[in-house]
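Here is the structure we will look at.
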Amino acid sequence: MSLLLRPQPSTRLSPVAAAASVPLIPVASVAPPRKRTPTPKPNISVSPPTATNAVPLKKVLVPIGYGTEEMETVILIHVLRRAGAHVTVASVEPQLQVEAAGGTKLVADTSISDCFGQIFDLVALPGGMPGSARLRDCDMLRKITCKQAEQKRLYGAICAAPAITLLPWGLLKRKKTTCHPAFFDRLPTFWAVKTNIQVSGELTTSRGPGTTYLFALSLAEQLFGESVALEVAELLVNSDDDYAAKEEFNEVEWSVSHHAPSVLIPIAHGSEEIEAVTVIDILRRAKANVIVASVEKTLEVLASQGTKIVADILISDAQELAHDLIILPGGTAGAQRLSKSKILKKLLKEQNSAGRAYGAVCSSLAILHRQGLLKDKRATAHPPVLDKAKDEAINGAKVVIDGKLITGEGLATVTDFALAIVSKLFGNGRARSVAEGLVFEYPRN
């Protein structure tokens, strides 16, 4: 039995199974996915798929609906596309734009009705509520998924979806299954298992946003084989127990007592969707007032792995407001486009002058470096970016906090990054509570 498919207890930290507790490392500047044809979009260049002779094209369906969990959705899309799958995101709603569980607006590639009659190698259902119920109530998706199971092709579900969606469809019969702890008691008692991932024949289930990397890697292995999954896993999973969750210098209070903290997250074409969406989702779970601002001419942006995200406002509308925190997501192309925004530069300069908090993940550290906003500060980022800021560099930590500055390595460590922000804004208790809802092992340090 291969390493990824072997059921893993949540405490095991082997190089791949470590994703069960999500001690991960960034993959923001690795090679483009093998066989993905990105959605065309003006003003952003997308690398063509890399030809391979050994790996056939695999088609994956990821359906979404109102209230679908956004972290689970974008992690699934990202990991499976990076592994080489052709991923189709299909809306079960009348329109393609869907508001996810945490308020993130995603745009599907197509309608679920356009997928009927197609053959998929995998149907993967993200969870979330009421998203799982919206998927359950879609008769077209039910027929597609039931046919998938009848024909012994792969299908999977995470979080609430095993209990809320697959169970009423009769697709859990005689299958060991796991799901989010909040819905675990709905599963058939004899077949319910408390593991972060469970593979039962063609069915794979998992527990929540914090276990989605492991879920996606397991699906990638079943589609492409162990070597491909391990190749992706090496870019995602950090198995070094000595790797610090965070380091903090010049500790100061960030808490805002008189109102919900206002957090601005600017995005652009090419921004890394996992970094942007994870921070948005986690901070909204913690009850921060998160504002997503596009630096493009339109609200809709095309993120690095082809996910389409709709911002709340344009960056020009953000300059009239004062923000308690500004966070820049990474992605090489996205960071370059963020750096060209004169309004964003002005906002960051004012943020620093006013003594308010700001931060960056992955490639976007370069923006702060060029603006002189790292002077006498310690920081971390994706290694190639950190090499250009050697005076500020801190190696061996996922997250570095220095006064009112917070930085993170990127992509797969962004959950630690977002929870560190929650801890600074609301306290450690709130951060631990949010982590529990994610089914994420909260870092001890």
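Order determines the names: the first chain of the structure tokens is A, the second B, and so forth; residues in each chain are numbered 1 upward, and ligands are numbered 1 upward as they are shown.
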
Residues of region 65-88 of chain A that have any atom at most 8 Å from an atom of region 265-281 of chain A: could you tabulate them with the shortest-distance atom pair and the distance in Å to one decimal, using only C-alpha atoms, ordered by chain and increasing number, as a Markdown table?
| residue | atom | partner | partner_atom | distance |
| --- | --- | --- | --- | --- |
| A:Glu70 | CA | A:Val277 | CA | 6.9 |
| A:Met71 | CA | A:Thr278 | CA | 5.7 |
| A:Val74 | CA | A:Ile274 | CA | 6.0 |
| A:Ile75 | CA | A:Ile274 | CA | 6.2 |
| A:His78 | CA | A:Ile274 | CA | 7.7 |

Contact check, region 57-112 of chain A to region 292-298 of chain A, at most 12 Å, counting only C-alpha atoms, closest pairs as a tab-separated table:
residue	atom	partner	partner_atom	distance
A:Gly103	CA	A:Val292	CA	10.3
A:Thr104	CA	A:Val292	CA	8.7
A:Lys105	CA	A:Val292	CA	10.0

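When only C-alpha atoms are used to compute distances to Val422 (chain A), the closest of the residues A:Thr68, A:Ser363, A:Thr177, A:Ser255 turns out to be A:Ser255.
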
For the contact check between region 384-431 of chain A and region 306-324 of chain A, emit one row per residue of region 384-431 of chain A within 12 Å, containing the shortest atom pair and the distance in Å rounded to one decimal, counting only C-alpha atoms, chain then rising number order, as a tab-separated table.
residue	atom	partner	partner_atom	distance
A:Lys404	CA	A:Asp324	CA	10.2
A:Leu405	CA	A:Asp324	CA	11.9
A:Ile421	CA	A:Asp324	CA	11.6
A:Lys424	CA	A:Asp324	CA	11.7
A:Leu425	CA	A:Asp324	CA	9.4

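Considering only region 67-130 of chain A, backbone DSSP assigns strand (DSSP E or B) to Ala85, His86, Val87, Thr88, Val89, Ala90, Ser91, Gln97, Val98, Glu99, Lys105, Leu106, Val107, Thr110, Ser111, Leu122, Val123, Ala124 and Leu125 of chain A.
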
How would the residues just picked look written out with all heavy atoms as a CSV table (one decimal), in the first residue's frame?
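Result went into again.csv, see below:
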chain,number,residue,atom,x,y,z
A,85,ALA,N,-3.8,17.7,-13.3
A,85,ALA,CA,-5.2,17.4,-13.7
A,85,ALA,C,-5.8,18.6,-14.4
A,85,ALA,O,-5.4,19.8,-14.2
A,85,ALA,CB,-6.0,17.1,-12.5
A,86,HIS,N,-6.8,18.3,-15.3
A,86,HIS,CA,-7.6,19.4,-15.9
A,86,HIS,C,-8.8,19.5,-15.0
A,86,HIS,O,-9.7,18.7,-15.0
A,86,HIS,CB,-8.0,19.0,-17.3
A,86,HIS,CG,-8.9,20.0,-18.0
A,86,HIS,ND1,-8.4,21.1,-18.6
A,86,HIS,CD2,-10.2,20.1,-18.0
A,86,HIS,CE1,-9.4,21.8,-19.1
A,86,HIS,NE2,-10.5,21.2,-18.7
A,87,VAL,N,-8.8,20.6,-14.2
A,87,VAL,CA,-9.9,20.8,-13.2
A,87,VAL,C,-11.0,21.7,-13.7
A,87,VAL,O,-10.7,22.8,-14.1
A,87,VAL,CB,-9.3,21.3,-11.9
A,87,VAL,CG1,-10.4,21.5,-10.9
A,87,VAL,CG2,-8.3,20.4,-11.3
A,88,THR,N,-12.2,21.2,-13.7
A,88,THR,CA,-13.4,22.1,-14.1
A,88,THR,C,-14.1,22.4,-12.8
A,88,THR,O,-14.6,21.6,-12.1
A,88,THR,CB,-14.3,21.3,-15.0
A,88,THR,OG1,-13.6,21.0,-16.3
A,88,THR,CG2,-15.5,22.2,-15.4
A,89,VAL,N,-14.3,23.7,-12.6
A,89,VAL,CA,-15.0,24.2,-11.4
A,89,VAL,C,-16.4,24.5,-12.0
A,89,VAL,O,-16.6,25.4,-12.8
A,89,VAL,CB,-14.4,25.5,-10.8
A,89,VAL,CG1,-15.2,25.9,-9.6
A,89,VAL,CG2,-12.9,25.2,-10.5
A,90,ALA,N,-17.4,23.9,-11.4
A,90,ALA,CA,-18.8,24.0,-12.0
A,90,ALA,C,-19.8,24.5,-10.9
A,90,ALA,O,-19.8,24.0,-9.8
A,90,ALA,CB,-19.3,22.7,-12.5
A,91,SER,N,-20.6,25.5,-11.2
A,91,SER,CA,-21.5,26.0,-10.3
A,91,SER,C,-22.8,25.3,-10.4
A,91,SER,O,-23.3,24.9,-11.4
A,91,SER,CB,-21.8,27.5,-10.7
A,91,SER,OG,-22.9,28.0,-9.9
A,97,GLN,N,-21.1,33.1,-10.7
A,97,GLN,CA,-20.5,33.7,-9.5
A,97,GLN,C,-21.2,33.1,-8.2
A,97,GLN,O,-22.4,33.2,-8.1
A,97,GLN,CB,-20.6,35.2,-9.5
A,97,GLN,CG,-19.9,35.9,-8.3
A,97,GLN,CD,-19.9,37.4,-8.4
A,97,GLN,OE1,-19.6,37.9,-9.4
A,97,GLN,NE2,-20.3,38.0,-7.3
A,98,VAL,N,-20.4,32.7,-7.3
A,98,VAL,CA,-20.9,32.0,-6.1
A,98,VAL,C,-20.2,32.6,-4.9
A,98,VAL,O,-19.0,32.8,-4.8
A,98,VAL,CB,-20.6,30.5,-6.1
A,98,VAL,CG1,-20.9,29.9,-4.8
A,98,VAL,CG2,-21.4,29.8,-7.3
A,99,GLU,N,-21.0,33.0,-3.9
A,99,GLU,CA,-20.5,33.5,-2.6
A,99,GLU,C,-20.2,32.3,-1.7
A,99,GLU,O,-21.2,31.5,-1.4
A,99,GLU,CB,-21.4,34.5,-1.9
A,99,GLU,CG,-20.8,35.0,-0.7
A,99,GLU,CD,-21.7,36.1,-0.1
A,99,GLU,OE1,-22.3,36.9,-0.8
A,99,GLU,OE2,-21.7,36.2,1.2
A,105,LYS,N,-16.0,35.6,-3.0
A,105,LYS,CA,-16.8,35.4,-4.2
A,105,LYS,C,-15.9,34.7,-5.2
A,105,LYS,O,-14.9,35.3,-5.7
A,105,LYS,CB,-17.3,36.8,-4.7
A,105,LYS,CG,-18.2,37.5,-3.7
A,105,LYS,CD,-18.6,38.9,-4.3
A,105,LYS,CE,-19.4,39.7,-3.2
A,105,LYS,NZ,-18.5,40.2,-2.2
A,106,LEU,N,-16.3,33.5,-5.6
A,106,LEU,CA,-15.6,32.7,-6.6
A,106,LEU,C,-16.5,32.7,-7.9
A,106,LEU,O,-17.7,32.7,-7.8
A,106,LEU,CB,-15.4,31.3,-6.1
A,106,LEU,CG,-14.6,31.2,-4.8
A,106,LEU,CD1,-14.5,29.8,-4.3
A,106,LEU,CD2,-13.2,31.8,-4.9
A,107,VAL,N,-15.8,32.5,-9.0
A,107,VAL,CA,-16.5,32.4,-10.3
A,107,VAL,C,-16.1,31.1,-10.9
A,107,VAL,O,-15.0,30.8,-11.2
A,107,VAL,CB,-16.1,33.5,-11.3
A,107,VAL,CG1,-16.9,33.4,-12.6
A,107,VAL,CG2,-16.4,34.9,-10.7
A,110,THR,N,-17.9,26.9,-15.4
A,110,THR,CA,-19.0,26.5,-16.2
A,110,THR,C,-20.2,26.2,-15.3
A,110,THR,O,-20.0,26.1,-14.1
A,110,THR,CB,-18.7,25.3,-17.1
A,110,THR,OG1,-19.7,25.1,-18.0
A,110,THR,CG2,-18.4,24.1,-16.3
A,111,SER,N,-21.3,25.9,-15.8
A,111,SER,CA,-22.5,25.4,-15.1
A,111,SER,C,-22.5,23.9,-15.0
A,111,SER,O,-21.9,23.2,-15.9
A,111,SER,CB,-23.8,25.9,-15.8
A,111,SER,OG,-24.9,25.3,-15.2
A,122,LEU,N,-12.3,12.0,-11.7
A,122,LEU,CA,-12.6,12.3,-10.3
A,122,LEU,C,-13.6,13.3,-10.1
A,122,LEU,O,-13.6,14.3,-10.8
A,122,LEU,CB,-11.3,12.7,-9.6
A,122,LEU,CG,-11.4,13.4,-8.2
A,122,LEU,CD1,-11.8,12.3,-7.2
A,122,LEU,CD2,-10.0,14.0,-7.8
A,123,VAL,N,-14.6,13.1,-9.2
A,123,VAL,CA,-15.5,14.2,-8.8
A,123,VAL,C,-15.2,14.4,-7.3
A,123,VAL,O,-15.3,13.5,-6.5
A,123,VAL,CB,-17.0,13.7,-8.9
A,123,VAL,CG1,-17.9,14.8,-8.3
A,123,VAL,CG2,-17.3,13.4,-10.4
A,124,ALA,N,-14.7,15.7,-7.0
A,124,ALA,CA,-14.3,16.0,-5.6
A,124,ALA,C,-15.2,17.1,-5.1
A,124,ALA,O,-15.2,18.2,-5.6
A,124,ALA,CB,-12.9,16.4,-5.6
A,125,LEU,N,-15.9,16.8,-4.0
A,125,LEU,CA,-16.8,17.7,-3.4
A,125,LEU,C,-16.2,18.5,-2.2
A,125,LEU,O,-15.9,17.9,-1.2
A,125,LEU,CB,-18.1,17.0,-2.9
A,125,LEU,CG,-18.8,16.1,-3.9
A,125,LEU,CD1,-20.1,15.5,-3.2
A,125,LEU,CD2,-19.1,16.7,-5.2

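With distances restricted to only C-alpha atoms, A:Gly437 is the closest residue to Ala182 (chain A) from A:Gly67, A:Arg444, A:Lys375, A:Gly437.
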
Each region 59-161 of chain A residue no farther than 10 Å from region 219-235 of chain A, nearest pair in Å, only C-alpha atoms, as JSON lines:
{"residue": "A:Lys59", "atom": "CA", "partner": "A:Leu223", "partner_atom": "CA", "distance": 9.5}
{"residue": "A:Val60", "atom": "CA", "partner": "A:Leu223", "partner_atom": "CA", "distance": 9.6}
{"residue": "A:Leu76", "atom": "CA", "partner": "A:Leu219", "partner_atom": "CA", "distance": 9.2}
{"residue": "A:Val79", "atom": "CA", "partner": "A:Val232", "partner_atom": "CA", "distance": 7.6}
{"residue": "A:Leu80", "atom": "CA", "partner": "A:Ala220", "partner_atom": "CA", "distance": 6.1}
{"residue": "A:Arg81", "atom": "CA", "partner": "A:Ala220", "partner_atom": "CA", "distance": 9.3}
{"residue": "A:Arg82", "atom": "CA", "partner": "A:Val232", "partner_atom": "CA", "distance": 7.3}
{"residue": "A:Ala83", "atom": "CA", "partner": "A:Ala220", "partner_atom": "CA", "distance": 6.4}
{"residue": "A:Gly84", "atom": "CA", "partner": "A:Phe224", "partner_atom": "CA", "distance": 8.2}
{"residue": "A:Ala85", "atom": "CA", "partner": "A:Ala220", "partner_atom": "CA", "distance": 8.3}
{"residue": "A:Asp121", "atom": "CA", "partner": "A:Leu223", "partner_atom": "CA", "distance": 7.5}
{"residue": "A:Leu122", "atom": "CA", "partner": "A:Leu223", "partner_atom": "CA", "distance": 7.9}
{"residue": "A:Ala124", "atom": "CA", "partner": "A:Leu219", "partner_atom": "CA", "distance": 8.7}
{"residue": "A:Leu154", "atom": "CA", "partner": "A:Gln222", "partner_atom": "CA", "distance": 8.2}
{"residue": "A:Tyr155", "atom": "CA", "partner": "A:Leu219", "partner_atom": "CA", "distance": 8.9}
{"residue": "A:Gly156", "atom": "CA", "partner": "A:Leu219", "partner_atom": "CA", "distance": 8.1}

How would the residues just picked look written out with N, CA, C and O atoms as an mmCIF file, in the first residue's frame?
data_model
loop_
_atom_site.group_PDB
_atom_site.id
_atom_site.type_symbol
_atom_site.label_atom_id
_atom_site.label_comp_id
_atom_site.auth_asym_id
_atom_site.auth_seq_id
_atom_site.Cartn_x
_atom_site.Cartn_y
_atom_site.Cartn_z
ATOM 1 N N LYS A 59 -9.315 14.294 -15.972
ATOM 2 C CA LYS A 59 -10.355 15.310 -15.829
ATOM 3 C C LYS A 59 -10.972 15.231 -14.438
ATOM 4 O O LYS A 59 -11.375 14.164 -13.984
ATOM 5 N N VAL A 60 -11.050 16.386 -13.775
ATOM 6 C CA VAL A 60 -11.577 16.457 -12.409
ATOM 7 C C VAL A 60 -12.704 17.481 -12.373
ATOM 8 O O VAL A 60 -12.582 18.585 -12.909
ATOM 9 N N LEU A 76 -7.969 22.326 -3.213
ATOM 10 C CA LEU A 76 -8.220 21.221 -4.141
ATOM 11 C C LEU A 76 -7.823 21.596 -5.561
ATOM 12 O O LEU A 76 -7.113 20.850 -6.254
ATOM 13 N N VAL A 79 -3.781 22.095 -5.839
ATOM 14 C CA VAL A 79 -2.965 20.876 -5.752
ATOM 15 C C VAL A 79 -3.211 19.967 -6.950
ATOM 16 O O VAL A 79 -2.264 19.428 -7.548
ATOM 17 N N LEU A 80 -4.470 19.792 -7.338
ATOM 18 C CA LEU A 80 -4.773 18.883 -8.446
ATOM 19 C C LEU A 80 -4.299 19.443 -9.776
ATOM 20 O O LEU A 80 -3.809 18.698 -10.639
ATOM 21 N N ARG A 81 -4.394 20.751 -9.971
ATOM 22 C CA ARG A 81 -3.851 21.338 -11.197
ATOM 23 C C ARG A 81 -2.335 21.243 -11.216
ATOM 24 O O ARG A 81 -1.730 20.970 -12.252
ATOM 25 N N ARG A 82 -1.702 21.442 -10.070
ATOM 26 C CA ARG A 82 -0.246 21.341 -10.023
ATOM 27 C C ARG A 82 0.207 19.899 -10.284
ATOM 28 O O ARG A 82 1.280 19.669 -10.845
ATOM 29 N N ALA A 83 -0.599 18.933 -9.895
ATOM 30 C CA ALA A 83 -0.278 17.532 -10.157
ATOM 31 C C ALA A 83 -0.457 17.166 -11.623
ATOM 32 O O ALA A 83 0.102 16.175 -12.092
ATOM 33 N N GLY A 84 -1.227 17.973 -12.352
ATOM 34 C CA GLY A 84 -1.407 17.727 -13.776
ATOM 35 C C GLY A 84 -2.828 17.508 -14.216
ATOM 36 O O GLY A 84 -3.072 17.181 -15.377
ATOM 37 N N ALA A 85 -3.804 17.665 -13.349
ATOM 38 C CA ALA A 85 -5.197 17.422 -13.703
ATOM 39 C C ALA A 85 -5.806 18.625 -14.420
ATOM 40 O O ALA A 85 -5.441 19.777 -14.160
ATOM 41 N N ASP A 121 -12.491 11.637 -14.348
ATOM 42 C CA ASP A 121 -11.696 10.662 -13.609
ATOM 43 C C ASP A 121 -11.908 10.806 -12.109
ATOM 44 O O ASP A 121 -11.673 9.865 -11.348
ATOM 45 N N LEU A 122 -12.344 11.982 -11.693
ATOM 46 C CA LEU A 122 -12.579 12.255 -10.274
ATOM 47 C C LEU A 122 -13.641 13.325 -10.133
ATOM 48 O O LEU A 122 -13.634 14.330 -10.847
ATOM 49 N N ALA A 124 -14.744 15.652 -6.984
ATOM 50 C CA ALA A 124 -14.306 16.001 -5.625
ATOM 51 C C ALA A 124 -15.197 17.105 -5.070
ATOM 52 O O ALA A 124 -15.240 18.203 -5.627
ATOM 53 N N LEU A 154 -13.286 7.444 -9.443
ATOM 54 C CA LEU A 154 -12.985 8.080 -8.164
ATOM 55 C C LEU A 154 -13.971 9.202 -7.831
ATOM 56 O O LEU A 154 -14.349 9.999 -8.693
ATOM 57 N N TYR A 155 -14.351 9.255 -6.548
ATOM 58 C CA TYR A 155 -15.105 10.392 -6.041
ATOM 59 C C TYR A 155 -14.683 10.637 -4.593
ATOM 60 O O TYR A 155 -14.194 9.738 -3.904
ATOM 61 N N GLY A 156 -14.852 11.861 -4.136
ATOM 62 C CA GLY A 156 -14.426 12.200 -2.784
ATOM 63 C C GLY A 156 -15.200 13.373 -2.233
ATOM 64 O O GLY A 156 -15.838 14.130 -2.973
#

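With distances restricted to only C-alpha atoms, A:Ala245 is the closest residue to Val400 (chain A) from A:Ala245, A:Val439, A:Leu338, A:Leu264.
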
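Distances from A:Gly201, A:Gly210, A:Pro188, A:Pro130 to Val414 (chain A) were compared using only C-alpha atoms, and the smallest one belongs to A:Gly210.
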
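Taking CA of His259 (chain A) and CA of Gln371 (chain A) as endpoints, the distance between them is 29.5 Å.
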
Which residue gives the smallest distance to Leu386 (chain A) among A:Ala101, A:Ile144, A:Leu374, A:Ala366, with only C-alpha atoms counted? A:Ala366

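The space separating CA of Lys377 (chain A) from CA of Gln351 (chain A) comes to 15.4 Å.
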
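Using only C-alpha atoms, the nearest neighbour of Asp376 (chain A) within the list A:Asn250, A:Lys58, A:Glu300, A:Glu350 is A:Asn250.
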
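Backbone DSSP assigns alpha helix (DSSP H) in region 318-380 of chain A to Ala318, Thr332, Ala333, Gly334, Ala335, Gln336, Arg337, Leu338, Ser339, Lys342, Ile343, Leu344, Lys345, Lys346, Leu347, Leu348, Lys349, Glu350, Gln351, Asn352, Ser353, Leu365, Ala366, Ile367, Leu368, His369 and Arg370 of chain A.
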
Kindly save the residues from that selection, with N, CA and C atoms included, as a JSON list (two decimals), in the first residue's frame.
[["chain", "number", "residue", "atom", "x", "y", "z"],
["A", 318, "ALA", "N", -10.50, 52.04, -1.48],
["A", 318, "ALA", "CA", -9.94, 51.70, -0.18],
["A", 318, "ALA", "C", -9.15, 52.84, 0.44],
["A", 332, "THR", "N", 4.11, 35.29, -7.73],
["A", 332, "THR", "CA", 5.11, 36.13, -8.39],
["A", 332, "THR", "C", 4.47, 37.18, -9.28],
["A", 333, "ALA", "N", 3.58, 36.75, -10.18],
["A", 333, "ALA", "CA", 2.93, 37.70, -11.09],
["A", 333, "ALA", "C", 2.05, 38.67, -10.33],
["A", 334, "GLY", "N", 1.34, 38.17, -9.34],
["A", 334, "GLY", "CA", 0.47, 39.03, -8.54],
["A", 334, "GLY", "C", 1.24, 40.09, -7.79],
["A", 335, "ALA", "N", 2.38, 39.70, -7.20],
["A", 335, "ALA", "CA", 3.19, 40.66, -6.45],
["A", 335, "ALA", "C", 3.70, 41.76, -7.37],
["A", 336, "GLN", "N", 4.07, 41.39, -8.58],
["A", 336, "GLN", "CA", 4.54, 42.39, -9.53],
["A", 336, "GLN", "C", 3.44, 43.39, -9.87],
["A", 337, "ARG", "N", 2.21, 42.91, -10.00],
["A", 337, "ARG", "CA", 1.11, 43.81, -10.33],
["A", 337, "ARG", "C", 0.72, 44.66, -9.12],
["A", 338, "LEU", "N", 0.78, 44.08, -7.92],
["A", 338, "LEU", "CA", 0.51, 44.87, -6.72],
["A", 338, "LEU", "C", 1.53, 46.00, -6.59],
["A", 339, "SER", "N", 2.77, 45.70, -6.94],
["A", 339, "SER", "CA", 3.85, 46.70, -6.76],
["A", 339, "SER", "C", 3.69, 47.90, -7.69],
["A", 342, "LYS", "N", 0.01, 52.63, -7.50],
["A", 342, "LYS", "CA", 0.43, 53.83, -6.76],
["A", 342, "LYS", "C", -0.42, 54.02, -5.51],
["A", 343, "ILE", "N", -1.70, 53.67, -5.62],
["A", 343, "ILE", "CA", -2.59, 53.82, -4.46],
["A", 343, "ILE", "C", -2.16, 52.87, -3.34],
["A", 344, "LEU", "N", -1.83, 51.63, -3.68],
["A", 344, "LEU", "CA", -1.40, 50.68, -2.66],
["A", 344, "LEU", "C", -0.09, 51.13, -2.01],
["A", 345, "LYS", "N", 0.82, 51.64, -2.79],
["A", 345, "LYS", "CA", 2.08, 52.15, -2.24],
["A", 345, "LYS", "C", 1.80, 53.26, -1.22],
["A", 346, "LYS", "N", 0.88, 54.16, -1.60],
["A", 346, "LYS", "CA", 0.52, 55.27, -0.72],
["A", 346, "LYS", "C", -0.11, 54.74, 0.58],
["A", 347, "LEU", "N", -1.00, 53.76, 0.45],
["A", 347, "LEU", "CA", -1.64, 53.18, 1.62],
["A", 347, "LEU", "C", -0.63, 52.52, 2.55],
["A", 348, "LEU", "N", 0.34, 51.81, 1.99],
["A", 348, "LEU", "CA", 1.35, 51.15, 2.81],
["A", 348, "LEU", "C", 2.24, 52.17, 3.52],
["A", 349, "LYS", "N", 2.59, 53.23, 2.82],
["A", 349, "LYS", "CA", 3.42, 54.28, 3.43],
["A", 349, "LYS", "C", 2.67, 54.93, 4.60],
["A", 350, "GLU", "N", 1.39, 55.21, 4.39],
["A", 350, "GLU", "CA", 0.57, 55.82, 5.45],
["A", 350, "GLU", "C", 0.38, 54.84, 6.61],
["A", 351, "GLN", "N", 0.25, 53.58, 6.30],
["A", 351, "GLN", "CA", 0.07, 52.55, 7.33],
["A", 351, "GLN", "C", 1.28, 52.54, 8.27],
["A", 352, "ASN", "N", 2.46, 52.57, 7.67],
["A", 352, "ASN", "CA", 3.69, 52.56, 8.46],
["A", 352, "ASN", "C", 3.85, 53.85, 9.27],
["A", 353, "SER", "N", 3.57, 54.99, 8.64],
["A", 353, "SER", "CA", 3.71, 56.29, 9.32],
["A", 353, "SER", "C", 2.76, 56.41, 10.51],
["A", 365, "LEU", "N", 6.86, 40.09, -0.09],
["A", 365, "LEU", "CA", 7.83, 40.74, 0.79],
["A", 365, "LEU", "C", 8.67, 41.73, -0.01],
["A", 366, "ALA", "N", 8.91, 41.43, -1.29],
["A", 366, "ALA", "CA", 9.73, 42.30, -2.13],
["A", 366, "ALA", "C", 9.12, 43.70, -2.24],
["A", 367, "ILE", "N", 7.79, 43.79, -2.19],
["A", 367, "ILE", "CA", 7.13, 45.10, -2.26],
["A", 367, "ILE", "C", 7.49, 45.94, -1.05],
["A", 368, "LEU", "N", 7.42, 45.32, 0.13],
["A", 368, "LEU", "CA", 7.77, 46.04, 1.36],
["A", 368, "LEU", "C", 9.24, 46.41, 1.37],
["A", 369, "HIS", "N", 10.07, 45.51, 0.85],
["A", 369, "HIS", "CA", 11.52, 45.76, 0.82],
["A", 369, "HIS", "C", 11.84, 46.97, -0.05],
["A", 370, "ARG", "N", 11.23, 47.03, -1.24],
["A", 370, "ARG", "CA", 11.51, 48.13, -2.16],
["A", 370, "ARG", "C", 11.01, 49.47, -1.61]]

Between CA of Ala244 (chain A) and CA of Asp416 (chain A), what is the distance, to one decimal in Å? 10.5 Å
